[in-house]
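Colleague: Contents of upload_39.cif (mmCIF, C-alpha atoms and all ligand atoms):
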data_final
loop_
_atom_site.label_atom_id
_atom_site.label_comp_id
_atom_site.auth_asym_id
_atom_site.auth_seq_id
_atom_site.Cartn_x
_atom_site.Cartn_y
_atom_site.Cartn_z
CA MET A 706 0.00 0.00 0.00
CA ASP A 707 1.57 3.30 -1.03
CA GLY A 708 -0.76 5.41 1.04
CA SER A 709 -2.28 7.24 -1.90
CA ILE A 710 -5.70 5.61 -1.60
CA THR A 711 -7.35 7.41 1.27
CA THR A 712 -11.05 7.42 0.45
CA GLN A 713 -11.81 4.46 2.71
CA THR A 714 -10.40 6.00 5.88
CA THR A 715 -11.14 9.69 5.64
CA VAL A 716 -13.39 12.32 4.16
CA ASN A 717 -12.91 15.23 1.79
CA LEU A 718 -15.60 17.86 2.28
CA VAL A 719 -16.73 20.87 0.32
CA LEU A 720 -18.40 23.65 2.33
CA LEU A 721 -20.66 25.63 0.03
CA GLY A 722 -22.32 28.89 0.96
CA PRO A 723 -22.27 32.62 0.36
CA PRO A 724 -19.77 34.99 1.96
CA GLY A 725 -20.55 35.17 5.67
CA ALA A 726 -22.43 31.87 5.79
CA GLY A 727 -20.03 30.53 8.42
CA LYS A 728 -17.78 28.32 6.28
CA GLY A 729 -14.55 29.43 7.91
CA THR A 730 -15.99 29.30 11.42
CA GLN A 731 -17.23 25.75 10.96
CA ALA A 732 -14.18 24.54 9.00
CA ARG A 733 -11.95 25.43 11.95
CA LYS A 734 -14.17 23.43 14.27
CA LEU A 735 -14.18 20.40 11.95
CA GLN A 736 -10.42 20.68 11.61
CA ASP A 737 -9.98 20.49 15.37
CA ARG A 738 -12.57 17.79 15.95
CA PHE A 739 -11.76 15.42 13.10
CA GLY A 740 -8.12 16.23 12.32
CA LEU A 741 -8.97 17.40 8.81
CA VAL A 742 -7.10 20.17 7.01
CA GLN A 743 -8.98 23.41 6.32
CA LEU A 744 -8.15 24.62 2.85
CA SER A 745 -9.42 28.16 2.27
CA THR A 746 -8.66 29.68 -1.12
CA GLY A 747 -9.48 33.10 0.36
CA ASP A 748 -6.70 32.60 2.94
CA LEU A 749 -4.30 31.27 0.28
CA LEU A 750 -5.05 34.26 -1.97
CA ARG A 751 -4.63 36.77 0.88
CA ALA A 752 -1.26 35.16 1.67
CA ALA A 753 -0.27 35.49 -2.00
CA VAL A 754 -1.30 39.16 -1.99
CA ALA A 755 0.70 39.78 1.21
CA ALA A 756 3.74 37.98 -0.22
CA GLY A 757 3.51 40.00 -3.45
CA THR A 758 3.66 36.96 -5.75
CA GLU A 759 2.56 37.27 -9.41
CA ALA A 760 -0.73 35.54 -8.53
CA GLY A 761 -1.18 37.87 -5.58
CA LYS A 762 -0.58 40.96 -7.73
CA ALA A 763 -3.18 39.78 -10.23
CA ALA A 764 -5.70 38.90 -7.50
CA LYS A 765 -5.50 42.01 -5.31
CA ALA A 766 -7.74 44.45 -7.20
CA VAL A 767 -10.20 41.70 -8.13
CA MET A 768 -10.65 40.75 -4.47
CA GLU A 769 -10.99 44.38 -3.39
CA ARG A 770 -13.93 44.91 -5.72
CA GLY A 771 -15.60 41.63 -4.70
CA ASP A 772 -15.24 39.74 -7.97
CA LEU A 773 -13.94 36.20 -8.33
CA VAL A 774 -10.26 35.70 -9.07
CA SER A 775 -9.66 33.86 -12.36
CA ASP A 776 -10.09 30.11 -12.35
CA ASP A 777 -6.52 29.59 -13.62
CA ILE A 778 -4.96 31.40 -10.67
CA VAL A 779 -7.17 29.81 -8.02
CA ILE A 780 -6.82 26.28 -9.39
CA ALA A 781 -3.02 26.62 -9.57
CA ILE A 782 -2.82 27.78 -5.94
CA LEU A 783 -5.16 25.03 -4.81
CA ARG A 784 -3.32 22.34 -6.77
CA ASP A 785 -0.03 23.23 -5.05
CA ARG A 786 -1.53 23.15 -1.57
CA LEU A 787 -3.42 19.93 -2.18
CA ALA A 788 -0.17 18.18 -3.04
CA ASP A 789 1.17 18.77 0.50
CA PRO A 790 1.36 15.55 2.53
CA ASP A 791 -0.91 16.78 5.34
CA CYS A 792 -3.81 16.94 2.89
CA ALA A 793 -3.78 13.17 2.37
CA GLY A 794 -5.60 12.67 5.69
CA GLY A 795 -8.70 14.56 4.57
CA VAL A 796 -9.53 18.12 3.56
CA ILE A 797 -12.28 20.66 4.13
CA PHE A 798 -12.55 22.88 1.08
CA ASP A 799 -13.67 26.29 2.34
CA GLY A 800 -14.56 28.77 -0.40
CA PHE A 801 -13.52 26.44 -3.20
CA PRO A 802 -14.86 25.55 -5.71
CA ARG A 803 -16.74 28.73 -6.59
CA THR A 804 -17.39 28.08 -10.29
CA THR A 805 -18.32 25.02 -12.33
CA VAL A 806 -14.88 25.10 -13.98
CA GLN A 807 -13.28 24.89 -10.51
CA ALA A 808 -15.59 22.06 -9.44
CA GLU A 809 -14.67 20.03 -12.51
CA ALA A 810 -10.98 20.78 -11.97
CA LEU A 811 -11.27 19.68 -8.35
CA ASP A 812 -12.83 16.34 -9.32
CA ALA A 813 -9.97 15.77 -11.77
CA LEU A 814 -7.29 16.75 -9.24
CA MET A 815 -8.74 14.47 -6.60
CA ALA A 816 -9.06 11.56 -9.03
CA GLU A 817 -5.36 11.87 -9.95
CA THR A 818 -4.51 10.77 -6.41
CA GLY A 819 -7.30 8.25 -5.91
CA ARG A 820 -9.36 10.68 -3.87
CA ALA A 821 -12.89 12.00 -4.27
CA ILE A 822 -15.27 14.50 -2.70
CA THR A 823 -17.16 12.63 0.01
CA ALA A 824 -19.73 15.28 0.87
CA ALA A 825 -20.69 18.78 -0.24
CA ILE A 826 -22.52 20.65 2.49
CA SER A 827 -24.44 23.78 1.60
CA LEU A 828 -24.79 26.33 4.41
CA GLU A 829 -28.01 28.18 3.69
CA VAL A 830 -28.46 31.77 4.88
CA ASP A 831 -30.52 34.80 3.88
CA ASP A 832 -28.80 37.57 1.93
CA ALA A 833 -29.67 40.08 4.67
CA ALA A 834 -27.93 37.98 7.33
CA MET A 835 -24.76 37.83 5.26
CA VAL A 836 -24.38 41.58 5.25
CA THR A 837 -24.73 41.70 9.04
CA ARG A 838 -22.32 38.82 9.51
CA ILE A 839 -19.69 40.22 7.19
CA SER A 840 -19.80 43.77 8.48
CA GLY A 841 -19.24 42.57 12.07
CA ARG A 842 -16.51 40.03 11.29
CA PHE A 843 -12.99 40.26 12.74
CA THR A 844 -10.24 37.73 13.39
CA CYS A 845 -7.35 37.22 15.77
CA ALA A 846 -4.15 38.44 14.12
CA GLY A 847 -2.18 35.73 15.91
CA CYS A 848 -4.10 32.49 15.34
CA GLY A 849 -6.85 33.42 12.87
CA GLU A 850 -9.74 32.57 15.19
CA GLY A 851 -12.89 34.25 13.88
CA TYR A 852 -15.14 36.59 15.86
CA HIS A 853 -18.17 38.82 15.38
CA ASP A 854 -19.09 42.14 17.01
CA SER A 855 -22.51 40.79 18.07
CA PHE A 856 -22.62 37.03 17.52
CA LYS A 857 -19.25 35.83 18.77
CA THR A 858 -17.28 38.19 20.97
CA PRO A 859 -14.17 37.06 22.87
CA VAL A 860 -15.01 35.85 26.40
CA VAL A 861 -12.57 38.43 27.79
CA ASP A 862 -12.97 41.62 25.83
CA GLY A 863 -9.92 42.29 23.66
CA THR A 864 -8.28 38.89 24.28
CA CYS A 865 -8.43 35.93 21.88
CA ASP A 866 -10.13 32.88 23.44
CA SER A 867 -7.84 30.51 21.55
CA CYS A 868 -4.35 31.98 21.86
CA GLY A 869 -4.60 34.87 24.34
CA GLY A 870 -3.49 37.35 21.65
CA THR A 871 -4.66 40.94 21.86
CA ALA A 872 -4.31 42.06 18.22
CA PHE A 873 -7.28 41.65 15.88
CA LYS A 874 -7.86 42.51 12.25
CA ARG A 875 -10.66 43.19 9.80
CA ARG A 876 -10.56 42.39 6.09
CA ALA A 877 -10.37 45.24 3.60
CA ASP A 878 -13.13 43.64 1.49
CA ASP A 879 -15.56 43.27 4.43
CA ASN A 880 -17.27 46.57 3.70
CA ALA A 881 -20.83 47.37 2.61
CA GLU A 882 -19.91 48.30 -0.99
CA THR A 883 -17.91 45.15 -1.72
CA VAL A 884 -20.38 42.81 -0.03
CA GLY A 885 -23.04 43.57 -2.66
CA GLN A 886 -20.72 42.54 -5.47
CA ARG A 887 -19.61 39.41 -3.58
CA LEU A 888 -23.23 38.36 -3.18
CA ARG A 889 -23.89 38.93 -6.88
CA ALA A 890 -20.84 36.83 -7.74
CA TYR A 891 -22.08 34.10 -5.40
CA HIS A 892 -25.56 33.92 -6.93
CA ALA A 893 -24.32 34.08 -10.53
CA GLN A 894 -21.27 31.82 -10.36
CA THR A 895 -21.26 29.72 -7.18
CA ALA A 896 -24.90 28.89 -6.38
CA PRO A 897 -25.13 26.62 -9.48
CA LEU A 898 -22.70 24.28 -7.68
CA ILE A 899 -25.54 23.23 -5.37
CA ASP A 900 -27.10 21.48 -8.38
CA PHE A 901 -23.69 20.25 -9.52
CA TYR A 902 -23.16 18.34 -6.26
CA ALA A 903 -26.81 17.28 -5.98
CA ALA A 904 -26.37 15.57 -9.35
CA THR A 905 -23.44 13.52 -8.05
CA GLY A 906 -25.39 12.50 -4.92
CA VAL A 907 -23.05 14.02 -2.32
CA LEU A 908 -25.06 17.13 -1.39
CA THR A 909 -26.50 17.88 2.06
CA THR A 910 -27.97 21.22 3.14
CA ILE A 911 -27.86 22.82 6.57
CA ASP A 912 -29.89 25.70 7.99
CA ALA A 913 -27.04 28.11 8.69
CA MET A 914 -29.37 30.77 10.08
CA GLN A 915 -29.17 28.83 13.36
CA ASP A 916 -26.62 29.90 15.94
CA ILE A 917 -23.00 28.76 15.59
CA ASP A 918 -23.32 25.84 18.02
CA ARG A 919 -26.41 24.39 16.35
CA VAL A 920 -24.84 24.60 12.90
CA GLU A 921 -21.81 22.83 14.37
CA THR A 922 -24.03 20.07 15.79
CA ASP A 923 -25.70 19.46 12.41
CA LEU A 924 -22.39 19.51 10.57
CA THR A 925 -20.66 17.21 13.04
CA ALA A 926 -23.43 14.65 12.61
CA ILE A 927 -23.01 14.68 8.83
CA VAL A 928 -19.23 14.30 9.01
CA ALA A 929 -19.38 11.60 11.69
CA LYS A 930 -21.80 9.65 9.50
CA ALA A 931 -19.53 10.05 6.47
CA LEU A 932 -16.59 8.73 8.51
CA ALA A 933 -18.52 5.79 9.95
P1 LIG B 1 -17.52 32.58 5.65
O1 LIG B 1 -16.22 31.85 5.86
O2 LIG B 1 -18.61 31.69 5.11
O3 LIG B 1 -17.37 33.82 4.85
P2 LIG B 1 -17.33 33.16 8.54
O4 LIG B 1 -17.19 31.82 9.14
O5 LIG B 1 -16.12 34.03 8.45
O6 LIG B 1 -18.05 33.04 7.09
O7 LIG B 1 -18.49 33.92 9.35
C1 LIG B 1 -18.82 35.27 9.04
C2 LIG B 1 -19.09 36.04 10.33
O8 LIG B 1 -20.31 35.57 10.93
C3 LIG B 1 -18.02 35.85 11.41
O9 LIG B 1 -17.89 37.07 12.09
C4 LIG B 1 -18.59 34.76 12.32
O10 LIG B 1 -18.15 34.92 13.68
C5 LIG B 1 -20.09 34.98 12.20
N1 LIG B 1 -20.87 33.74 12.19
C6 LIG B 1 -20.52 32.53 11.66
N2 LIG B 1 -21.52 31.63 11.80
C7 LIG B 1 -22.53 32.29 12.43
C8 LIG B 1 -23.85 31.90 12.89
N3 LIG B 1 -24.32 30.65 12.69
N4 LIG B 1 -24.61 32.83 13.50
C9 LIG B 1 -24.13 34.11 13.69
N5 LIG B 1 -22.91 34.52 13.30
C10 LIG B 1 -22.12 33.63 12.67
P1 LIG B 2 -15.87 34.94 1.86
O1 LIG B 2 -16.14 33.50 2.24
O2 LIG B 2 -16.18 35.88 2.95
O3 LIG B 2 -16.47 35.31 0.54
P2 LIG B 2 -13.11 34.32 1.07
O4 LIG B 2 -12.03 34.57 2.01
O5 LIG B 2 -13.51 32.92 0.77
O6 LIG B 2 -14.33 35.16 1.60
O7 LIG B 2 -12.78 35.01 -0.33
C1 LIG B 2 -12.35 36.36 -0.41
C2 LIG B 2 -12.16 36.74 -1.88
O8 LIG B 2 -11.12 35.92 -2.45
C3 LIG B 2 -13.38 36.50 -2.78
O9 LIG B 2 -14.28 37.60 -2.77
C4 LIG B 2 -12.71 36.31 -4.14
O10 LIG B 2 -12.30 37.54 -4.69
C5 LIG B 2 -11.45 35.54 -3.78
N1 LIG B 2 -11.63 34.07 -3.82
C6 LIG B 2 -11.56 33.20 -2.77
N2 LIG B 2 -11.77 31.95 -3.17
C7 LIG B 2 -11.98 32.01 -4.52
C8 LIG B 2 -12.28 31.04 -5.52
N3 LIG B 2 -12.41 29.74 -5.22
N4 LIG B 2 -12.43 31.49 -6.80
C9 LIG B 2 -12.31 32.79 -7.12
N5 LIG B 2 -12.04 33.75 -6.23
C10 LIG B 2 -11.89 33.38 -4.93
ZN ZN B 3 -5.86 33.95 18.64
#
Starting from the file, give its structure as structure tokens.
Modeller:
Amino acid sequence: MDGSITTQTTVNLVLLGPPGAGKGTQARKLQDRFGLVQLSTGDLLRAAVAAGTEAGKAAKAVMERGDLVSDDIVIAILRDRLADPDCAGGVIFDGFPRTTVQAEALDALMAETGRAITAAISLEVDDAAMVTRISGRFTCAGCGEGYHDSFKTPVVDGTCDSCGGTAFKRRADDNAETVGQRLRAYHAQTAPLIDFYAATGVLTTIDAMQDIDRVETDLTAIVAKALA
């Protein structure tokens, strides 16, 4: 056994949902609970922008206006990360795929290494809730733990629950103007993936208007079942 066939022992999940649905929040929890790797193309792209790579230079303005970065760039970044050994034990795709081209590329990439998407879970929220969630979002600068001004504040004001850090940051694209364009991009380009995954029989939907803990409970049950 060369270790490349992993579909029997682990899961590879796609979290679908609009900006602010709670993908990142829940992916971190699944990562901790099940030892899966969270793979966020938004995080990978922000790292590329910060590092000033060619891909990052091309992506910066696109992200600032709330449009989708080109499939070529995103797929290339994803392909590199997916080849890392830690990904063999199971991955949570957070914010990828976002177009049909990306979904087809992901299937092909997974198949190359004997892997497949085990479950695609759609987090369903109202458009109005997304705007509220995004405009109140902030993260710990040290460990990346996510917070919200109203829905998830640190237990001790100004101190990260996870790492004790005291520096927090907000994303440049989490503003009212950009959110509208991000929602339009979601409905036009990403929402069709719900049908894409329904057609392959791996789709489950979750009511993501519930509070964070209830969404976590629903999601944990789905993943535990997939692992059983
Ligand atoms: P996404 O990764 O889908 O864009 P996040 O996980 O970053 O979304 O969540 C967006 C914001 O909403 C964060 O500030 C997070 O703390 C908050 N949030 C996440 N899930 C919920 C929920 N179920 N109810 C209320 N707020 C939530
Ligand atoms: P959110 O879940 O709040 O929309 P992300 O961090 O997933 O935020 O994405 C931030 C931005 O990065 C997106 O608005 C888009 O410009 C870009 N991006 C992230 N993932 C992709 C992707 N799979 N395809 C194209 N663009 C992407
Ligand atoms: Zn922290």
Colleague: What does the list of residues within 6 Å of ligand LIG 2 (chain B) look like if you count only C-alpha atoms and all ligand atoms, written as a PyMOL selection string?
Modeller: chain A and resi 724-725+746-748+767-768+771-775+779+800-803+887
Colleague: Please produce an output containing C-alpha atoms for each residue in the selection, written as a PDB file, in the frame of the given file.
Modeller:
ATOM      1  CA  PRO A 724     -19.770  34.990   1.960  1.00  0.00           C
ATOM      2  CA  GLY A 725     -20.550  35.170   5.670  1.00  0.00           C
ATOM      3  CA  THR A 746      -8.660  29.680  -1.120  1.00  0.00           C
ATOM      4  CA  GLY A 747      -9.480  33.100   0.360  1.00  0.00           C
ATOM      5  CA  ASP A 748      -6.700  32.600   2.940  1.00  0.00           C
ATOM      6  CA  VAL A 767     -10.200  41.700  -8.130  1.00  0.00           C
ATOM      7  CA  MET A 768     -10.650  40.750  -4.470  1.00  0.00           C
ATOM      8  CA  GLY A 771     -15.600  41.630  -4.700  1.00  0.00           C
ATOM      9  CA  ASP A 772     -15.240  39.740  -7.970  1.00  0.00           C
ATOM     10  CA  LEU A 773     -13.940  36.200  -8.330  1.00  0.00           C
ATOM     11  CA  VAL A 774     -10.260  35.700  -9.070  1.00  0.00           C
ATOM     12  CA  SER A 775      -9.660  33.860 -12.360  1.00  0.00           C
ATOM     13  CA  VAL A 779      -7.170  29.810  -8.020  1.00  0.00           C
ATOM     14  CA  GLY A 800     -14.560  28.770  -0.400  1.00  0.00           C
ATOM     15  CA  PHE A 801     -13.520  26.440  -3.200  1.00  0.00           C
ATOM     16  CA  PRO A 802     -14.860  25.550  -5.710  1.00  0.00           C
ATOM     17  CA  ARG A 803     -16.740  28.730  -6.590  1.00  0.00           C
ATOM     18  CA  ARG A 887     -19.610  39.410  -3.580  1.00  0.00           C
TER      19      ARG A 887
END
Colleague: Taking every listed atom of stretch 764-782 of chain A and adding 8 Å to each side, what centre and edge lengths in Å (one decimal) does the axis-aligned box have, as AutoDock Vina command-line options?
Modeller:
--center_x -9.2 --center_y 35.6 --center_z -8.5 --size_x 28.8 --size_y 34.6 --size_z 26.2
Colleague: Could you please determine the separation between atom CA of A:Ala903 and atom CA of A:Ala821 in Å, to one decimal place?
Modeller: 15.0 Å
Colleague: Considering only C-alpha atoms and all ligand atoms, tabulate each residue of chain A that lies at most 10 Å from ligand ZN 3 (chain B) along with its nearest interatomic pair and the corresponding distance in Å to one decimal; arrange the rows by chain and ascending residue number and present them as a Markdown table.
Modeller:
| residue | atom | partner | partner_atom | distance |
| --- | --- | --- | --- | --- |
| A:Thr844 | CA | B:ZN3 | ZN | 7.8 |
| A:Cys845 | CA | B:ZN3 | ZN | 4.6 |
| A:Ala846 | CA | B:ZN3 | ZN | 6.6 |
| A:Gly847 | CA | B:ZN3 | ZN | 4.9 |
| A:Cys848 | CA | B:ZN3 | ZN | 4.0 |
| A:Gly849 | CA | B:ZN3 | ZN | 5.9 |
| A:Glu850 | CA | B:ZN3 | ZN | 5.4 |
| A:Gly851 | CA | B:ZN3 | ZN | 8.5 |
| A:Pro859 | CA | B:ZN3 | ZN | 9.8 |
| A:Thr864 | CA | B:ZN3 | ZN | 7.9 |
| A:Cys865 | CA | B:ZN3 | ZN | 4.6 |
| A:Asp866 | CA | B:ZN3 | ZN | 6.5 |
| A:Ser867 | CA | B:ZN3 | ZN | 4.9 |
| A:Cys868 | CA | B:ZN3 | ZN | 4.1 |
| A:Gly869 | CA | B:ZN3 | ZN | 5.9 |
| A:Gly870 | CA | B:ZN3 | ZN | 5.1 |
| A:Thr871 | CA | B:ZN3 | ZN | 7.8 |
| A:Ala872 | CA | B:ZN3 | ZN | 8.3 |
| A:Phe873 | CA | B:ZN3 | ZN | 8.3 |
Colleague: Leaving out stretch 805-817 of chain A and any residue of its chain fewer than 2 positions from it, which residues lie within 10 Å of it when counting all atoms listed in the file, given as a PyMOL selection string?
Modeller: chain A and resi 709+717+719+775-777+779-780+783-784+787-788+801-803+819-822+894-898+901-902
Colleague: Could you write those residues out with C-alpha atoms, as a short mmCIF file (atom, residue, chain, number, x, y, z; two decimals), in the coordinates of the input?
Modeller:
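Done, and the output landed in again.cif:
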data_model
loop_
_atom_site.label_atom_id
_atom_site.label_comp_id
_atom_site.auth_asym_id
_atom_site.auth_seq_id
_atom_site.Cartn_x
_atom_site.Cartn_y
_atom_site.Cartn_z
CA SER A 709 -2.28 7.24 -1.90
CA ASN A 717 -12.91 15.23 1.79
CA VAL A 719 -16.73 20.87 0.32
CA SER A 775 -9.66 33.86 -12.36
CA ASP A 776 -10.09 30.11 -12.35
CA ASP A 777 -6.52 29.59 -13.62
CA VAL A 779 -7.17 29.81 -8.02
CA ILE A 780 -6.82 26.28 -9.39
CA LEU A 783 -5.16 25.03 -4.81
CA ARG A 784 -3.32 22.34 -6.77
CA LEU A 787 -3.42 19.93 -2.18
CA ALA A 788 -0.17 18.18 -3.04
CA PHE A 801 -13.52 26.44 -3.20
CA PRO A 802 -14.86 25.55 -5.71
CA ARG A 803 -16.74 28.73 -6.59
CA GLY A 819 -7.30 8.25 -5.91
CA ARG A 820 -9.36 10.68 -3.87
CA ALA A 821 -12.89 12.00 -4.27
CA ILE A 822 -15.27 14.50 -2.70
CA GLN A 894 -21.27 31.82 -10.36
CA THR A 895 -21.26 29.72 -7.18
CA ALA A 896 -24.90 28.89 -6.38
CA PRO A 897 -25.13 26.62 -9.48
CA LEU A 898 -22.70 24.28 -7.68
CA PHE A 901 -23.69 20.25 -9.52
CA TYR A 902 -23.16 18.34 -6.26
#
Colleague: What is the distance, in Å and to one decimal place, between atom CA of A:Ala926 and atom O6 of ligand LIG 1 (chain B)?
Modeller: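 Atom-to-atom, atom CA of A:Ala926 to atom O6 of ligand LIG 1 (chain B), that is 19.9 Å.
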Colleague: If the limit is 6 Å from any atom of ligand LIG 1 (chain B), counting all atoms listed in the file, which residues qualify? Return them as a VMD selection string.
Modeller: chain A and resid 724 to 730 838 to 839 841 to 843 851 to 853 856 to 857 913 to 917
Colleague: So the first atom is atom CA of A:Asp791 and the second is atom CA of A:Ala763; what is the distance between them in Å, to one decimal place?
Modeller: 27.9 Å
Colleague: Quick one: everything within 8 Å of stretch 904-909 of chain A, counting all atoms listed in the file, minus sequence neighbours fewer than 3 positions away in the same chain. Send it as a list in words.
Modeller: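 Counting only the stated atoms, we get Ile822, Thr823, Ala824, Ala825, Ile826, Ser827, Ile899, Asp900 and Phe901 of chain A.
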Colleague: Given the choices A:Asp799, A:Arg786, A:Thr910, A:Thr925, which gets closest to A:Asp737 if the distance is worked out from all atoms listed in the file?
Modeller: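 The closest residue to A:Asp737 is A:Thr925.
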Colleague: Set the distance at 7 Å and use all atoms listed in the file: which residues neighbour stretch 741-744 of chain A once local chain neighbours fewer than 6 positions away are removed? I'd like the list as a PDB file with C-alpha atoms, in the frame of the given file.
Modeller:
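selection_3.pdb, written as the output of this step:
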ATOM      1  CA  ALA A 732     -14.180  24.540   9.000  1.00  0.00           C
ATOM      2  CA  ARG A 733     -11.950  25.430  11.950  1.00  0.00           C
ATOM      3  CA  LEU A 735     -14.180  20.400  11.950  1.00  0.00           C
ATOM      4  CA  CYS A 792      -3.810  16.940   2.890  1.00  0.00           C
ATOM      5  CA  GLY A 794      -5.600  12.670   5.690  1.00  0.00           C
ATOM      6  CA  GLY A 795      -8.700  14.560   4.570  1.00  0.00           C
ATOM      7  CA  VAL A 796      -9.530  18.120   3.560  1.00  0.00           C
ATOM      8  CA  ILE A 797     -12.280  20.660   4.130  1.00  0.00           C
ATOM      9  CA  PHE A 798     -12.550  22.880   1.080  1.00  0.00           C
ATOM     10  CA  ASP A 799     -13.670  26.290   2.340  1.00  0.00           C
TER      11      ASP A 799
END
Colleague: Go through A:Pro723, A:Leu749, A:Thr818, A:Ser840 one by one, measure the shortest atom-to-atom distance of each to A:Ala877 using only C-alpha atoms, and give the residue with the smallest value.
Modeller: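 Ranking A:Pro723, A:Leu749, A:Thr818, A:Ser840 by distance to A:Ala877, first place goes to A:Ser840.
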Colleague: Name all residues at most 10 Å from A:Phe739 (count all atoms listed in the file; drop same-chain ones fewer than 6 positions away) and give them as a list in words.
Modeller: Thr715, Val716, Gly795, Thr925, Val928, Ala929 and Leu932 of chain A
Colleague: Restricting it to C-alpha atoms, dump the selection as a CSV table (one decimal), in the frame of the given file.
Modeller:
chain,number,residue,atom,x,y,z
A,715,THR,CA,-11.1,9.7,5.6
A,716,VAL,CA,-13.4,12.3,4.2
A,795,GLY,CA,-8.7,14.6,4.6
A,925,THR,CA,-20.7,17.2,13.0
A,928,VAL,CA,-19.2,14.3,9.0
A,929,ALA,CA,-19.4,11.6,11.7
A,932,LEU,CA,-16.6,8.7,8.5
Colleague: Select, counting only C-alpha atoms, all protein, DNA and RNA residues no farther than 7 Å from (-3.7, 38.1, -4.6) in file coordinates, and express the selection as a list in words.
Modeller: Leu750, Arg751, Ala753, Val754, Ala760, Gly761, Lys762, Ala763, Ala764 and Lys765 of chain A
